[in-house]
Structures are given as structure tokens and as C-alpha cells.
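work-v3.tsv (TSV, C-alpha atoms and all ligand atoms)
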chain	number	residue	atom	x	y	z
A	6	MET	CA	0.33	37.35	-57.00
A	7	ASN	CA	1.55	37.35	-53.39
A	8	LYS	CA	-0.27	40.32	-51.92
A	9	ILE	CA	-1.90	41.36	-48.64
A	10	GLU	CA	-4.31	44.29	-48.57
A	11	ILE	CA	-5.98	45.81	-45.52
A	12	ASP	CA	-9.46	47.22	-46.09
A	13	LYS	CA	-9.12	50.93	-45.31
A	14	GLU	CA	-12.89	51.22	-44.82
A	15	SER	CA	-12.85	48.67	-41.96
A	16	GLY	CA	-12.14	49.56	-38.36
A	17	PHE	CA	-13.70	51.60	-35.58
A	18	CYS	CA	-16.88	53.58	-36.23
A	19	PHE	CA	-17.07	57.12	-34.82
A	20	GLY	CA	-19.09	55.94	-31.76
A	21	VAL	CA	-16.35	53.53	-30.70
A	22	VAL	CA	-13.56	56.01	-31.52
A	23	LYS	CA	-15.22	58.52	-29.21
A	24	ALA	CA	-15.51	56.01	-26.33
A	25	ILE	CA	-11.91	54.76	-26.67
A	26	ASN	CA	-10.53	58.31	-26.92
A	27	LYS	CA	-12.47	59.27	-23.81
A	28	ALA	CA	-11.10	56.24	-21.93
A	29	GLU	CA	-7.51	56.92	-23.00
A	30	GLU	CA	-7.80	60.59	-22.10
A	31	GLU	CA	-9.14	59.76	-18.61
A	32	LEU	CA	-6.52	57.04	-18.07
A	33	GLN	CA	-3.69	59.40	-19.00
A	34	LYS	CA	-5.03	61.98	-16.53
A	35	ASN	CA	-5.97	59.74	-13.62
A	36	GLY	CA	-4.24	56.37	-14.11
A	37	SER	CA	-7.33	54.21	-13.62
A	38	LEU	CA	-10.98	54.24	-14.53
A	39	TYR	CA	-13.98	51.92	-14.15
A	40	CYS	CA	-15.86	50.96	-17.30
A	41	LEU	CA	-19.34	49.44	-17.13
A	42	GLY	CA	-19.14	46.38	-19.41
A	43	ASP	CA	-16.53	45.71	-22.10
A	44	ILE	CA	-15.71	49.07	-23.67
A	45	VAL	CA	-15.85	47.41	-27.09
A	46	HIS	CA	-16.71	43.86	-28.18
A	47	ASN	CA	-13.11	43.06	-28.88
A	48	ASN	CA	-11.21	41.24	-26.13
A	49	VAL	CA	-7.75	42.11	-27.43
A	50	GLU	CA	-8.54	45.85	-27.41
A	51	VAL	CA	-10.15	45.55	-23.95
A	52	GLU	CA	-6.96	43.88	-22.66
A	53	ARG	CA	-4.83	46.69	-24.13
A	54	LEU	CA	-6.88	49.32	-22.25
A	55	GLU	CA	-6.95	47.24	-19.07
A	56	LYS	CA	-3.15	47.27	-19.12
A	57	MET	CA	-3.39	51.08	-19.14
A	58	GLY	CA	-5.60	50.97	-16.01
A	59	LEU	CA	-9.16	50.44	-17.24
A	60	ILE	CA	-11.17	48.27	-14.83
A	61	THR	CA	-14.11	46.52	-16.46
A	62	ILE	CA	-17.04	45.94	-14.11
A	63	ASN	CA	-20.47	44.37	-14.53
A	64	HIS	CA	-23.81	45.81	-13.39
A	65	GLU	CA	-23.75	43.93	-10.07
A	66	GLN	CA	-20.34	45.40	-9.20
A	67	PHE	CA	-21.51	48.83	-10.37
A	68	LYS	CA	-24.40	48.79	-7.86
A	69	LYS	CA	-21.92	48.34	-5.00
A	70	LEU	CA	-19.58	51.20	-5.96
A	71	LYS	CA	-19.74	54.63	-4.33
A	72	ASN	CA	-17.97	57.98	-4.94
A	73	VAL	CA	-16.05	56.84	-8.04
A	74	ARG	CA	-15.94	57.69	-11.75
A	75	VAL	CA	-17.37	55.24	-14.25
A	76	LEU	CA	-17.25	55.33	-18.04
A	77	LEU	CA	-20.37	54.34	-20.00
A	78	ARG	CA	-19.47	52.77	-23.33
A	79	ALA	CA	-20.94	53.49	-26.78
A	80	HIS	CA	-23.77	50.91	-26.43
A	81	GLY	CA	-25.70	53.16	-24.04
A	82	GLU	CA	-27.40	52.32	-20.74
A	83	PRO	CA	-30.96	52.10	-19.40
A	84	PRO	CA	-32.31	54.83	-17.06
A	85	SER	CA	-31.72	52.56	-14.02
A	86	THR	CA	-27.93	52.96	-14.47
A	87	TYR	CA	-28.22	56.77	-14.22
A	88	GLU	CA	-30.43	56.40	-11.13
A	89	ILE	CA	-27.91	54.12	-9.36
A	90	ALA	CA	-25.12	56.57	-10.20
A	91	LYS	CA	-27.09	59.40	-8.62
A	92	GLN	CA	-27.82	57.42	-5.45
A	93	ASN	CA	-24.21	56.24	-5.05
A	94	ASN	CA	-22.55	59.54	-5.94
A	95	ILE	CA	-20.90	57.98	-9.00
A	96	GLU	CA	-19.63	60.42	-11.60
A	97	LEU	CA	-20.54	59.09	-15.02
A	98	ILE	CA	-18.32	59.72	-18.02
A	99	ASP	CA	-20.94	59.13	-20.63
A	100	ALA	CA	-19.48	57.91	-23.93
A	101	SER	CA	-22.82	56.56	-25.19
A	102	CYS	CA	-22.93	56.90	-28.97
A	103	PRO	CA	-25.13	59.82	-30.09
A	104	VAL	CA	-26.86	57.51	-32.59
A	105	VAL	CA	-27.87	55.14	-29.77
A	106	LEU	CA	-28.93	58.03	-27.52
A	107	GLY	CA	-31.14	59.35	-30.33
A	108	LEU	CA	-32.79	55.95	-30.69
A	109	GLN	CA	-33.34	55.65	-26.93
A	110	LYS	CA	-35.06	59.03	-26.95
A	111	LYS	CA	-37.33	58.06	-29.84
A	112	ILE	CA	-38.35	54.80	-28.17
A	113	ASN	CA	-39.00	56.58	-24.89
A	114	LYS	CA	-41.21	59.12	-26.62
A	115	LYS	CA	-43.25	56.35	-28.24
A	116	TYR	CA	-43.46	54.54	-24.91
A	117	VAL	CA	-44.83	57.57	-23.10
A	118	ARG	CA	-47.49	57.96	-25.79
A	119	ARG	CA	-48.22	54.22	-25.76
A	120	GLU	CA	-49.44	54.30	-22.17
A	121	SER	CA	-52.69	55.72	-23.47
A	122	ASP	CA	-53.12	53.71	-26.67
A	123	ASP	CA	-51.79	50.21	-25.95
A	124	THR	CA	-49.36	50.09	-28.89
A	125	GLN	CA	-46.77	47.30	-28.77
A	126	ILE	CA	-43.18	48.52	-28.90
A	127	VAL	CA	-41.07	45.93	-30.65
A	128	ILE	CA	-37.28	45.83	-30.96
A	129	TYR	CA	-35.56	43.69	-33.56
A	130	GLY	CA	-32.31	42.81	-31.83
A	131	LYS	CA	-30.38	40.38	-29.70
A	132	LYS	CA	-31.78	39.57	-26.27
A	133	GLY	CA	-29.27	40.45	-23.55
A	134	HIS	CA	-27.15	42.64	-25.87
A	135	ALA	CA	-26.00	45.77	-24.00
A	136	GLU	CA	-27.57	48.17	-26.50
A	137	VAL	CA	-30.88	46.27	-26.45
A	138	ASN	CA	-30.91	46.39	-22.62
A	139	GLY	CA	-30.54	50.17	-22.86
A	140	LEU	CA	-33.37	50.34	-25.40
A	141	ILE	CA	-35.90	48.22	-23.48
A	142	GLY	CA	-35.02	50.25	-20.38
A	143	GLN	CA	-36.75	53.17	-22.12
A	144	THR	CA	-40.01	51.23	-21.92
A	145	GLU	CA	-39.75	49.99	-18.31
A	146	GLU	CA	-38.71	46.63	-19.80
A	147	SER	CA	-42.06	46.25	-21.56
A	148	ALA	CA	-40.80	46.26	-25.18
A	149	ILE	CA	-40.99	42.94	-27.00
A	150	ILE	CA	-37.70	41.71	-28.44
A	151	ILE	CA	-37.69	39.73	-31.65
A	152	GLU	CA	-34.42	38.16	-32.68
A	153	SER	CA	-35.62	36.77	-36.02
A	154	LYS	CA	-38.75	36.26	-38.10
A	155	ASP	CA	-39.45	33.07	-36.08
A	156	ASP	CA	-40.17	35.26	-33.03
A	157	ILE	CA	-42.99	37.30	-34.56
A	158	GLU	CA	-45.65	34.93	-33.20
A	159	LYS	CA	-45.12	36.74	-29.88
A	160	LEU	CA	-46.90	39.77	-31.37
A	161	ASP	CA	-50.58	40.63	-31.28
A	162	PHE	CA	-51.38	41.65	-34.86
A	163	THR	CA	-54.74	43.15	-33.84
A	164	ARG	CA	-52.94	45.94	-31.90
A	165	ASP	CA	-50.75	48.71	-33.31
A	166	ILE	CA	-47.01	47.98	-33.46
A	167	ASN	CA	-44.04	50.38	-33.39
A	168	LEU	CA	-41.08	48.46	-34.78
A	169	PHE	CA	-37.48	49.55	-34.06
A	170	SER	CA	-34.14	47.84	-34.57
A	171	GLN	CA	-30.89	47.52	-32.65
A	172	THR	CA	-28.52	49.80	-34.58
A	173	THR	CA	-26.14	47.06	-35.71
A	174	LYS	CA	-28.58	44.54	-37.18
A	175	SER	CA	-28.64	43.78	-40.91
A	176	LEU	CA	-30.81	46.15	-42.94
A	177	GLU	CA	-31.99	43.28	-45.12
A	178	GLY	CA	-33.13	41.19	-42.12
A	179	PHE	CA	-34.93	44.16	-40.57
A	180	PHE	CA	-36.84	45.02	-43.75
A	181	GLU	CA	-37.79	41.37	-44.22
A	182	VAL	CA	-39.18	41.13	-40.67
A	183	GLY	CA	-41.01	44.45	-41.18
A	184	GLU	CA	-42.68	43.20	-44.37
A	185	ILE	CA	-43.77	39.93	-42.75
A	186	ILE	CA	-45.31	41.81	-39.82
A	187	ARG	CA	-47.02	44.30	-42.14
A	188	ALA	CA	-48.65	41.44	-44.05
A	189	ARG	CA	-50.01	39.95	-40.82
A	190	MET	CA	-51.61	43.10	-39.37
A	191	GLN	CA	-55.36	42.72	-38.78
A	192	ASN	CA	-58.52	44.67	-37.93
A	193	GLY	CA	-57.10	47.99	-39.04
A	194	ALA	CA	-54.15	47.82	-36.58
A	195	LYS	CA	-51.18	49.81	-37.86
A	196	LEU	CA	-47.48	49.05	-38.11
A	197	GLU	CA	-45.13	52.02	-37.69
A	198	PHE	CA	-41.69	51.02	-38.95
A	199	PHE	CA	-38.67	53.01	-37.77
A	200	ASP	CA	-35.47	52.33	-39.67
A	201	SER	CA	-32.97	52.68	-36.83
A	202	ILE	CA	-30.05	50.75	-38.34
A	203	CYS	CA	-26.78	52.68	-38.06
A	204	ARG	CA	-25.35	53.55	-41.46
A	205	GLN	CA	-21.83	53.14	-40.04
A	206	VAL	CA	-22.58	49.42	-40.32
A	207	SER	CA	-25.00	49.11	-43.25
A	208	ASN	CA	-22.97	51.46	-45.50
A	209	ARG	CA	-20.01	49.14	-45.07
A	210	VAL	CA	-21.84	46.21	-46.62
A	211	PRO	CA	-21.38	47.14	-50.31
A	212	ASN	CA	-17.74	48.05	-49.67
A	213	ILE	CA	-16.91	44.84	-47.84
A	214	GLN	CA	-18.66	42.78	-50.53
A	215	GLU	CA	-16.48	44.41	-53.22
A	216	PHE	CA	-13.38	43.95	-51.09
A	217	ALA	CA	-14.19	40.25	-50.49
A	218	LYS	CA	-14.68	39.66	-54.24
A	219	LYS	CA	-11.28	41.20	-55.05
A	220	HIS	CA	-9.20	38.67	-53.09
A	221	ASP	CA	-8.56	34.92	-53.13
A	222	LEU	CA	-8.67	34.69	-49.34
A	223	ILE	CA	-10.31	36.92	-46.73
A	224	ILE	CA	-9.28	37.10	-43.10
A	225	PHE	CA	-11.88	38.96	-41.07
A	226	ILE	CA	-10.97	39.89	-37.51
A	227	ALA	CA	-13.60	40.76	-34.88
A	228	GLY	CA	-14.43	40.05	-31.25
A	229	GLU	CA	-16.59	37.02	-30.46
A	230	LYS	CA	-19.40	39.22	-29.09
A	231	SER	CA	-19.43	41.75	-31.94
A	232	SER	CA	-22.89	41.86	-33.55
A	233	ASN	CA	-21.81	43.94	-36.53
A	234	GLY	CA	-18.80	41.62	-36.89
A	235	LYS	CA	-21.21	38.74	-37.48
A	236	VAL	CA	-23.21	40.78	-40.01
A	237	LEU	CA	-20.16	41.99	-41.95
A	238	PHE	CA	-18.41	38.62	-41.88
A	239	SER	CA	-21.50	36.92	-43.31
A	240	GLU	CA	-21.47	39.47	-46.17
A	241	CYS	CA	-17.81	38.57	-46.89
A	242	LYS	CA	-18.64	34.88	-46.82
A	243	LYS	CA	-21.54	35.36	-49.27
A	244	LYS	CA	-19.21	36.96	-51.83
A	245	ASN	CA	-16.11	34.92	-51.07
A	246	PRO	CA	-16.60	31.45	-49.52
A	247	ASN	CA	-12.88	31.43	-48.82
A	248	SER	CA	-13.38	33.86	-45.88
A	249	TYR	CA	-12.24	33.13	-42.35
A	250	LEU	CA	-13.25	34.79	-39.08
A	251	ILE	CA	-10.58	35.14	-36.40
A	252	HIS	CA	-10.73	36.79	-32.96
A	253	SER	CA	-7.06	37.61	-32.41
A	254	PRO	CA	-4.18	38.47	-34.79
A	255	ASP	CA	-2.42	35.32	-33.50
A	256	ASP	CA	-5.24	33.00	-34.65
A	257	ILE	CA	-4.10	32.62	-38.27
A	258	ASP	CA	-4.05	29.03	-39.47
A	259	PRO	CA	-0.91	28.69	-41.70
A	260	ALA	CA	-2.66	25.89	-43.64
A	261	ILE	CA	-5.00	28.40	-45.35
A	262	LEU	CA	-2.10	30.50	-46.68
A	263	ARG	CA	-1.53	28.92	-50.06
A	264	ASP	CA	1.17	30.19	-52.43
A	265	ASP	CA	0.58	32.85	-55.00
A	266	ILE	CA	-2.67	34.32	-53.70
A	267	SER	CA	-4.08	37.72	-52.88
A	268	ILE	CA	-5.21	38.07	-49.24
A	269	GLY	CA	-7.64	40.70	-47.96
A	270	VAL	CA	-7.71	41.63	-44.26
A	271	CYS	CA	-10.81	43.38	-42.90
A	272	GLY	CA	-12.86	43.73	-39.73
A	273	ALA	CA	-15.85	45.12	-37.82
A	274	THR	CA	-16.69	48.58	-36.47
A	275	SER	CA	-15.24	47.30	-33.18
A	276	THR	CA	-11.94	46.18	-34.73
A	277	PRO	CA	-9.06	48.65	-34.35
A	278	MET	CA	-6.78	49.25	-37.33
A	279	TRP	CA	-3.76	48.09	-35.31
A	280	GLN	CA	-5.25	44.58	-35.13
A	281	MET	CA	-5.70	44.39	-38.92
A	282	GLN	CA	-2.11	45.56	-39.31
A	283	ALA	CA	-0.98	42.90	-36.84
A	284	VAL	CA	-2.83	40.26	-38.89
A	285	ALA	CA	-1.04	41.43	-42.07
A	286	GLU	CA	2.33	41.39	-40.28
A	287	ASN	CA	1.70	37.89	-38.90
A	288	ILE	CA	0.82	36.64	-42.38
A	289	SER	CA	4.02	38.11	-43.77
A	290	LYS	CA	6.01	36.39	-41.00
A	291	LEU	CA	4.44	33.06	-41.98
A	292	LYS	CA	4.86	33.81	-45.69
A	293	PRO	CA	7.85	36.17	-46.06
A	294	GLU	CA	7.34	36.33	-49.83
A	295	MET	CA	4.00	38.12	-49.24
A	296	ASN	CA	3.91	41.76	-50.16
A	297	ILE	CA	1.89	44.01	-47.83
A	298	SER	CA	0.17	46.66	-49.93
A	299	LYS	CA	1.78	50.01	-49.02
A	300	ALA	CA	-1.61	51.73	-49.15
A	301	ALA	CA	-2.59	49.60	-46.17
A	302	PHE	CA	-0.40	51.52	-43.71
B	401	LIG	S1	-22.14	51.25	-34.98
B	401	LIG	FE1	-23.20	53.22	-35.17
B	401	LIG	S2	-24.57	53.26	-33.40
B	401	LIG	FE2	-23.04	51.71	-32.96
B	401	LIG	S3	-21.43	52.80	-31.85
B	401	LIG	FE3	-20.86	52.82	-34.02
B	401	LIG	S4	-21.65	54.81	-34.78
B	401	LIG	FE4	-22.69	54.36	-32.84

Since I need it in another form, could you write the structure as C-alpha cells?
Amino acid sequence: MNKIEIDKESGFCFGVVKAINKAEEELQKNGSLYCLGDIVHNNVEVERLEKMGLITINHEQFKKLKNVRVLLRAHGEPPSTYEIAKQNNIELIDASCPVVLGLQKKINKKYVRRESDDTQIVIYGKKGHAEVNGLIGQTEESAIIIESKDDIEKLDFTRDINLFSQTTKSLEGFFEVGEIIRARMQNGAKLEFFDSICRQVSNRVPNIQEFAKKHDLIIFIAGEKSSNGKVLFSECKKKNPNSYLIHSPDDIDPAILRDDISIGVCGATSTPMWQMQAVAENISKLKPEMNISKAAF
């Protein structure tokens, strides 16, 4: 059964689609545009847009710019970025995802209230991740970040806790951490648990598990820095140990392409469809007898 199928449910989420469309629209109009940080955690897609004129800058470079236009990507930014833009007459093209903006607002509201009641604001997420930086910025950097259940010793269980999550973390991991914290609360202190995981990621889990089970070999393509890529790939691996993570369509190891197998190609919310198609085409060049499922295109 020589067959390649691309998972039609994989690919950009609406937040990333909006940011990329915005960038392309601006580049077509003006030829070049600054973008604060990688527009998406996918180097190959970043390179494609850079060829069109996108200039990726970091926060240090951003501080030095004046009188220019800068795109903010879907991950969102802390309030300090908006302040710098105001001071330096930078026009922001804000493509922050509405889901992330909603979460920032919620955290900020809790932070303002917290000033009077000493509640700990806790974010389950990756330290240094762009979205997490934007979230802790809502609390004047005072929120406590926990990356895993091993980090919960940082918390004071005798004081109230408001627990949030980075939008792309695993739902399972977040609920587990929440339950462990709840069991440790003391002296009447309360845990308020806010499920802030984006369903664009968590809803893909059952689908990707089914997809992984259907095939003999899974090739999952995502950028090295993609958080949801790590989550979704680990779900594939759980259901199909014969799953491989690659970062570019050219990374396919011919040794894994045995004869007479069914191959599934899938990816993260930061993986464009064109990259999954390029993976399928590269496989069929290496194995010309492979049949790419028509439904895939
Ligand atoms: S994963 Fe969700 S929160 Fe993140 S950019 Fe996509 S839609 Fe927005």
C-alpha cells in the first residue's frame, strides 16, 4: 500500500493566518516591513517572507528604531513594547492573536485586583517564550512562571493563587499541575484555575492521534521553536512510535521510507500547508512508486 496522505486538519491556526496575511498585504503595498521577532516559529516560512522584504528584528533593535512601521506577531507583546513605539513614533501593525489579547486582558485585570489582596499570579508556560513575556508584562513582571510540576515548590500555598496557562501548552499537563496545586493549598487559601489553553491546539489532539494511528509512518514538520509543534508531535509519537519530527521539507531521511507502507504527513499550527505538500512531493521523488492521496491537494 504505497500511499502518502497529508493531514488536512494540520497547518496554520487562524491567529497565524491573520499575521501572515497582514505581513503579505503590507509587503505588497510597501515592499518592506519590520517584524518584531520571528513572525511564526517556522524558519522556512520566515525565510520565505524575508525574501519578500520582511525584516525580522529583536527587542534591542526595536528600541533603537524611530519613525518606522513594525508588525507585531500573533504571540502578543507586553505593555513596554507599546510604550517604546509611542516614544519613538513607531507605527505598530498589531497582528496579536485575539485569543492571546483576551488572555492578557484577563491577567491584567487579576493583577490590578491583586495589588490589594496579595494573590499570586501563576503562569504555566515556557520561560522566555514570546507569548509568556507578553503575559508576565501584564503583571509588571511579577507573575510566577512554572514550566512543569517540578516548579510548583516556588509557590506559597498559604496565599491565594490565580493559575493561567500559555495558550499552546498541553491541556493534560495543565490540568495535572492544577490538581497538584489544589491538593497542596493550605489555611483556607484558594486556587482560581483559568483554563486558557487555545482550542486551536487542544482540539487538534484527538484528530492527530487518529491520523497517526492510520499510517505506518508519520512525518511531522514544525519549526524548532514551535511549542504546539512539540505538543502535537508527542501526541503522534504516543499513538505511532514510528513518527519522525523534521524542521524542513528537505530533511527526510530516505532510510525510513520502506517499501509498501502508508505515510502520513502532518504539522503544527505554525506549519504552512505548502511545507506539508513539499514533504509529500519530496517523498514521492525519493519513492516514485508512492501515490500522493488526491484529497491532500
Ligand atoms: S494557537 Fe491559538 S492563541 Fe496561538 S496564535 Fe493560534 S489561534 Fe491564536

If you count all atoms listed in the file, which residues fall within 12 Å of Phe179 of chain A, apart from same-chain ones fewer than 6 positions away, as a PDB file with C-alpha atoms, keeping the file's coordinate frame?
ATOM      1  CA  VAL A 127     -41.070  45.930 -30.650  1.00  0.00           C
ATOM      2  CA  ILE A 128     -37.280  45.830 -30.960  1.00  0.00           C
ATOM      3  CA  TYR A 129     -35.560  43.690 -33.560  1.00  0.00           C
ATOM      4  CA  GLY A 130     -32.310  42.810 -31.830  1.00  0.00           C
ATOM      5  CA  ILE A 151     -37.690  39.730 -31.650  1.00  0.00           C
ATOM      6  CA  GLU A 152     -34.420  38.160 -32.680  1.00  0.00           C
ATOM      7  CA  SER A 153     -35.620  36.770 -36.020  1.00  0.00           C
ATOM      8  CA  LYS A 154     -38.750  36.260 -38.100  1.00  0.00           C
ATOM      9  CA  LEU A 168     -41.080  48.460 -34.780  1.00  0.00           C
ATOM     10  CA  PHE A 169     -37.480  49.550 -34.060  1.00  0.00           C
ATOM     11  CA  SER A 170     -34.140  47.840 -34.570  1.00  0.00           C
ATOM     12  CA  GLN A 171     -30.890  47.520 -32.650  1.00  0.00           C
ATOM     13  CA  THR A 172     -28.520  49.800 -34.580  1.00  0.00           C
ATOM     14  CA  THR A 173     -26.140  47.060 -35.710  1.00  0.00           C
ATOM     15  CA  ILE A 185     -43.770  39.930 -42.750  1.00  0.00           C
ATOM     16  CA  ILE A 186     -45.310  41.810 -39.820  1.00  0.00           C
ATOM     17  CA  PHE A 198     -41.690  51.020 -38.950  1.00  0.00           C
ATOM     18  CA  PHE A 199     -38.670  53.010 -37.770  1.00  0.00           C
ATOM     19  CA  ASP A 200     -35.470  52.330 -39.670  1.00  0.00           C
ATOM     20  CA  SER A 201     -32.970  52.680 -36.830  1.00  0.00           C
ATOM     21  CA  ILE A 202     -30.050  50.750 -38.340  1.00  0.00           C
ATOM     22  CA  SER A 207     -25.000  49.110 -43.250  1.00  0.00           C
TER      23      SER A 207
END

_Within 8 Å of ligand LIG 401 (chain B), counting only C-alpha atoms and all ligand atoms, residues as JSON, numbers by chain_ = {"A": [17, 18, 19, 20, 21, 79, 80, 101, 102, 103, 104, 105, 172, 173, 202, 203, 204, 205, 206, 233, 274, 275]}

*Nearby residues (all atoms listed in the file) at most 6 Å from Gly36 of chain A, same-chain spacing under 2 positions excluded, as JSON, numbers by chain*: {"A": [32, 33, 58]}

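Each of A:Leu250, A:Val182, A:Leu76, A:Val270 was checked against Glu29 of chain A using only C-alpha atoms; the smallest atom-to-atom distance is that of A:Leu76.
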
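Here atom CA of Ile60 of chain A and atom CA of Lys235 of chain A stand 26.5 Å from one another.
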
_Show me, as a list of chain:residue names, the residues that have an atom within 12 Å of Asn72 of chain A when counting only C-alpha atoms, minus same-chain residues fewer than 4 positions from it._
A:Tyr39, A:Phe67, A:Lys68, A:Ile89, A:Ala90, A:Lys91, A:Gln92, A:Asn93, A:Asn94, A:Ile95, A:Glu96, A:Leu97

_Considering all atoms listed in the file, can you say which of A:Leu176, A:Ile141, A:Leu262, A:Leu70 comes closest to Ile223 of chain A?_
A:Leu262

*Quick one: everything within 8 Å of segment 48-50 of chain A, counting all atoms listed in the file, minus sequence neighbours fewer than 5 positions away in the same chain. Send it as a ChimeraX atom specification.*
/A:228,253,277

_Ranking A:Glu52, A:Glu82, A:Asp99, A:Glu240 by minimum distance to Glu31 of chain A and counting all atoms listed in the file, which one comes first?_
A:Asp99

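Our summary of the geometry notes that atom CA of Val236 of chain A is positioned 7.1 Å from atom CA of Lys174 of chain A.
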
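Closest approach to Asp256 of chain A among A:Ile213, A:Lys242, A:Ile224, A:Gln282: A:Ile224, based on all atoms listed in the file.
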
What are the centre and the three edge lengths of an axis-aligned box that wraps all atoms of segment 192-210 of chain A in the file, given that 8 Å is added to every side, written as lines of an AutoDock Vina configuration file and rounded to one decimal in Å?
center_x = -39.3
center_y = 49.1
center_z = -41.6
size_x = 54.5
size_y = 24.9
size_z = 26.0

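If you measure from each of A:Arg74, A:Lys195, A:Lys69, A:Lys244 to Gln125 of chain A using only C-alpha atoms, the closest one turns out to be A:Lys195.
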
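Rounded to one decimal, atom CA of Phe238 of chain A and atom CA of Phe216 of chain A lie 11.8 Å from each other.
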
Please provide as an mmCIF file with C-alpha atoms, keeping the file's coordinate frame all residues within 10 Å of Ser239 of chain A, with the sequence filter that same-chain residues fewer than 6 positions apart are discarded (counting all atoms listed in the file).
data_model
loop_
_atom_site.group_PDB
_atom_site.id
_atom_site.type_symbol
_atom_site.label_atom_id
_atom_site.label_comp_id
_atom_site.auth_asym_id
_atom_site.auth_seq_id
_atom_site.Cartn_x
_atom_site.Cartn_y
_atom_site.Cartn_z
ATOM 1 C CA VAL A 210 -21.840 46.210 -46.620
ATOM 2 C CA GLN A 214 -18.660 42.780 -50.530
ATOM 3 C CA ASN A 233 -21.810 43.940 -36.530
ATOM 4 C CA ASN A 245 -16.110 34.920 -51.070
ATOM 5 C CA PRO A 246 -16.600 31.450 -49.520
ATOM 6 C CA SER A 248 -13.380 33.860 -45.880
ATOM 7 C CA LEU A 250 -13.250 34.790 -39.080
#

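Ranking A:Pro83, A:Ile166, A:Ile288, A:Phe225 by their shortest atom-to-atom distance to Gly16 of chain A, with all atoms listed in the file included, puts A:Phe225 first.
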